[in-house]
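The structure appears below as structure tokens.
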Amino acid sequence: MIRVEGLKKVYRNVHALNGVSFHVKSGELFAYLGPNGAGKTTTIRILTGLTRLSGGDAWLNGFHIERDTLRAKRQFGLVMQSINLDQELTLLENMDIHGRLYGMTKALRRSRIRELLGYVDLISRRDTIVKRLSGGMKRRLMVARALMHSPRILFLDEPTVGLDPGIRRRIWGLIKQIQHSGTTIFLTTHYIEEAEFLADRVAFIDNGRIVALDTPSAFMARIGKWAIDLIQDDQMKSIYFKDRKEADSFVATHRGSYTLRRVNLEDAFLSLTGKKVKN
Amino acid sequence: MAVYLREMLLLRRRIKRLILSMSVSPLLYLIAFGYAMGKSVKFGGHTYLEFLIPGLVAMSSMTQSFAIATDINVARFYWHIFEEFQAAPIGNVAYVAGEVLAGVSRALISVTVILTLGMLFGVRLHWLSPLFWLAVALNSFVFASLAVALAMLVKSHADQSLLTSFVITPMAFLGGTFFPVDRLPHWAGQIIWILPLTHASRAIRQAAFGNLPGPSPYLFVGITGIIFFIMALKCVNQARD
Ligand SMILES: Nc1ncnc2c1ncn2[C@@H]1O[C@H](COP(=O)(O)OP(=O)(O)O)[C@@H](O)[C@H]1O
Ligand SMILES: [Mg+2]
């Protein structure tokens, strides 16, 4: 559904992407996980036509993004990291203009708006000016707007950044629902839990390169099932164990405080790149 | 069409403020210059007020259609809504045409405001002449297209204000709006004749006086408009970083 080959981007002298390749299957939820400045937004901006690429190729549902631009653009909906709604217009007007941009008929626009605003629980607010909505509501409206023209692919750039944990979970539920309705989802995040909870496959991106790409469970299986965090020589350290028995036998010989926990994606990222995602 | 519609929805929401702001400066000019000069000053058989109002029409249709650049930039750098258009499957022509049309609509509203003010001051000219409105529309087309082109090229909102003060403000004063161009020194006259506003304001004034302006100003302004429009089409691609 999304095919990316050797994507490169150079801004003046910043190498934002150094040859990124991946392939997202139809119906898959693919997460792009990496620290700030890794190149996540740049990848989405190139795939959606907002930024010119410096090298490489990309296809969306078979349409090349540079050679077959208009058709490639019909394949996706886009939710950017920063709020990009028309703040002085109502929810309905925001949705309607989007529908018109994609050439939808009036009847189709009307039914789709009702359906989607219901879906994201904003139907009672349809005539409110967007300015008056809360951050979580704006985010949901952006998701609804992106789905307006029933795209095959949905791009989500850090969809829950800056939201409360409760609202974040609600958006996660929404994203899962969208995936179950058959949409392919490409999501970027710097929240480990988000990728771990949502993604079928995760690509770790760092410094404009994909460092590793696998399913969350495969990543975790690579390093073990259990982890013990402890302080050693004034440094926080994590030790990984294949199973609980190994961990227990370590604990038996260990003196001092420690935390025993399940291995998570953060551990996988740490062991692959030598650094934390959040910095 | 969606691009135009969006601008019109926004315009509708701001219409009161906009009309108010569109009336302020013409009103000041009318009072200050109109009464100060009084009935004593005459240019070619017309009172200064009769001379001034078509000039204000030309100036206002220019500044108001050019103001679309500010709206585009606010949408682009502040609200990021330009991304919606960039990601949508619409061609550059659809985008540019939508914005230019919005600029022209805005200009036509401002001209209506000025004519209403003019009537309050008792100035009666040939306001219904199609040639008058054609000149107004072409003048707006030129500056709306230029606005879109420049809005695509600037890298920040501050650049935009700079351009406005360097391009539009001097032209507003020199383009035959406040005084006849032939009163200027020779070298200045030469420069002024390459400004589209000079031609537009001449045609607008002639038509308002009930004369036949002749085709050349229309051609000059129309061709300039088409050149700017094509420039704007090319510049849309430049807006991708
Ligand atoms: N418009 C731009 N001009 C110059 N450099 C940029 C621009 N956009 C992004 N960058 C640089 O490219 C790199 C990747 O940025 P980005 O893709 O936004 O990262 P992420 O979304 O993963 O946080 C960063 O080093 C950033 O500073
Ligand atoms: Mg980003």
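Residue numbering restarts at 1 for every chain of the structure tokens, chains are lettered A, B, ... in their displayed order, and ligands are numbered from 1 as they appear.
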Taking only C-alpha atoms into account and nothing else, which residues of chain A lie no more than 6 Å away from chain B? Please answer as a VMD selection string.
chain A and resid 48 to 51 70 73 to 74 84 97 100 to 101
Set the cut-off to 9 Å, count only C-alpha atoms and all ligand atoms, and list whatever residues fall near ligand 1 as a ChimeraX atom specification.
/A:9-17,32-45,51,81,157-158,188-190,205-208 /B:241
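A straight line drawn from atom CA of Gln206 of chain B to atom CA of Phe132 of chain B is 8.0 Å long.
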At a cut-off of 12 Å, using only C-alpha atoms, what residues contact Glu266 of chain A? Leave out same-chain residues fewer than 4 positions from it and give the result as a PyMOL selection string.
chain A and resi 33-35+190-196+202+204+216+219-220+223+227+238+262+270-278
Create the file for the chosen residues now, containing C-alpha atoms and written as a short mmCIF file (atom, residue, chain, number, x, y, z; two decimals), in the first residue's frame.
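The new file part_8.cif reads:
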data_model
loop_
_atom_site.label_atom_id
_atom_site.label_comp_id
_atom_site.auth_asym_id
_atom_site.auth_seq_id
_atom_site.Cartn_x
_atom_site.Cartn_y
_atom_site.Cartn_z
CA LEU A 33 9.11 5.47 16.23
CA GLY A 34 11.97 7.80 16.96
CA PRO A 35 13.21 10.77 18.97
CA HIS A 190 7.96 9.30 20.04
CA TYR A 191 5.85 7.56 22.68
CA ILE A 192 6.99 3.99 23.11
CA GLU A 193 3.69 2.86 24.65
CA GLU A 194 1.83 4.22 21.66
CA ALA A 195 3.80 2.12 19.19
CA GLU A 196 3.73 -0.87 21.48
CA VAL A 202 7.45 -0.74 14.15
CA PHE A 204 12.86 2.62 14.66
CA PRO A 216 6.79 -5.26 18.63
CA PHE A 219 11.67 -6.83 18.97
CA MET A 220 11.07 -7.72 22.56
CA ILE A 223 16.35 -9.19 24.00
CA ALA A 227 14.20 -6.87 32.67
CA SER A 238 18.91 -2.61 32.77
CA ARG A 262 8.47 -7.05 31.56
CA LEU A 270 17.89 1.30 23.76
CA SER A 271 19.79 -1.85 22.96
CA LEU A 272 19.68 -1.12 19.22
CA THR A 273 20.68 2.54 19.24
CA GLY A 274 22.30 2.98 22.61
CA LYS A 275 19.96 5.83 23.40
CA LYS A 276 16.52 6.52 24.75
CA VAL A 277 13.69 7.61 22.49
CA LYS A 278 12.76 10.48 24.76
#
Suppose you want the space between atom CA of Tyr240 of chain A and atom CA of Leu213 of chain A; what is it in Å?
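These atoms are spaced 20.4 Å apart.
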So which one's closest to ligand 2, A:Trp172, A:Arg222, A:Met104, A:Pro159? Using only C-alpha atoms and all ligand atoms, please.
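Distance minimum relative to ligand 2 lands on A:Pro159.
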Which neighbours of Ala32 of chain B fall inside 12 Å, counting only C-alpha atoms, when residues of the same chain fewer than 4 positions from it are skipped, and could you give them as a PyMOL selection string?
chain B and resi 25-28+36-38+48-49+52+178
Atom CA of Leu154 of chain A to atom CA of Gly77 of chain A: how many Å, to one decimal?
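Atom-to-atom, atom CA of Leu154 of chain A to atom CA of Gly77 of chain A, that is 4.8 Å.
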I'd like the neighbourhood of Ala151 of chain B as a VMD selection string, where a residue qualifies if any of its atoms comes within 10 Å (using only C-alpha atoms), though same-chain residues fewer than 6 positions away should be ignored.
chain B and resid 66 68 to 74 76 145 157 159 to 160 163 232 235 to 236 239
Which residue is closest to Val79 of chain A? Choose from A:Lys245, A:Arg132, A:Arg67, A:Lys138 and count only C-alpha atoms.
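That would be A:Lys138, the residue with the smallest distance to Val79 of chain A.
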DSSP alpha helix (DSSP H) residues within segment 4-222 of chain B, as a PyMOL selection string:
chain B and resi 4-29+36-37+48-66+68-73+82-87+92-120+130-153+157-163+169-174+186-192+196-208+215-222
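Among B:Thr112, B:Gln190, B:Thr169, B:Ser156, the residue with the shortest atom-to-atom distance to Pro54 of chain B, counting only C-alpha atoms, is B:Thr112.
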Long-range neighbours of Leu120 of chain B as an mmCIF file with N, CA and C atoms, in the first residue's frame, 12 Å cut-off, only C-alpha atoms, 6 positions minimum in chain:
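Final output, saved to part_37.cif:
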data_model
loop_
_atom_site.group_PDB
_atom_site.id
_atom_site.type_symbol
_atom_site.label_atom_id
_atom_site.label_comp_id
_atom_site.auth_asym_id
_atom_site.auth_seq_id
_atom_site.Cartn_x
_atom_site.Cartn_y
_atom_site.Cartn_z
ATOM 1 N N LEU B 27 -12.436 57.451 3.585
ATOM 2 C CA LEU B 27 -13.171 58.518 4.253
ATOM 3 C C LEU B 27 -12.218 59.644 4.662
ATOM 4 N N LEU B 30 -11.127 61.521 1.602
ATOM 5 C CA LEU B 30 -12.208 62.352 1.083
ATOM 6 C C LEU B 30 -12.350 63.619 1.907
ATOM 7 N N ILE B 31 -12.302 63.446 3.218
ATOM 8 C CA ILE B 31 -12.469 64.617 4.072
ATOM 9 C C ILE B 31 -11.264 65.543 3.945
ATOM 10 N N LEU B 49 -12.836 66.320 -5.868
ATOM 11 C CA LEU B 49 -13.524 65.132 -5.350
ATOM 12 C C LEU B 49 -13.863 64.165 -6.478
ATOM 13 N N ILE B 53 -12.194 60.357 -6.295
ATOM 14 C CA ILE B 53 -12.911 59.112 -6.027
ATOM 15 C C ILE B 53 -12.529 57.980 -6.986
ATOM 16 N N VAL B 113 -18.005 50.009 -1.389
ATOM 17 C CA VAL B 113 -17.965 50.849 -0.195
ATOM 18 C C VAL B 113 -17.587 52.278 -0.568
ATOM 19 N N ILE B 114 -16.568 52.423 -1.415
ATOM 20 C CA ILE B 114 -16.109 53.770 -1.779
ATOM 21 C C ILE B 114 -17.173 54.526 -2.571
#
Applying 10 Å and only C-alpha atoms, which residues near Asn139 of chain B remain after dropping the ones on its own chain fewer than 5 positions away? List them as a PyMOL selection string.
chain B and resi 58-59+61-62+65+104+107+133-134+144+196-201+203-204+218+221-222+224-225
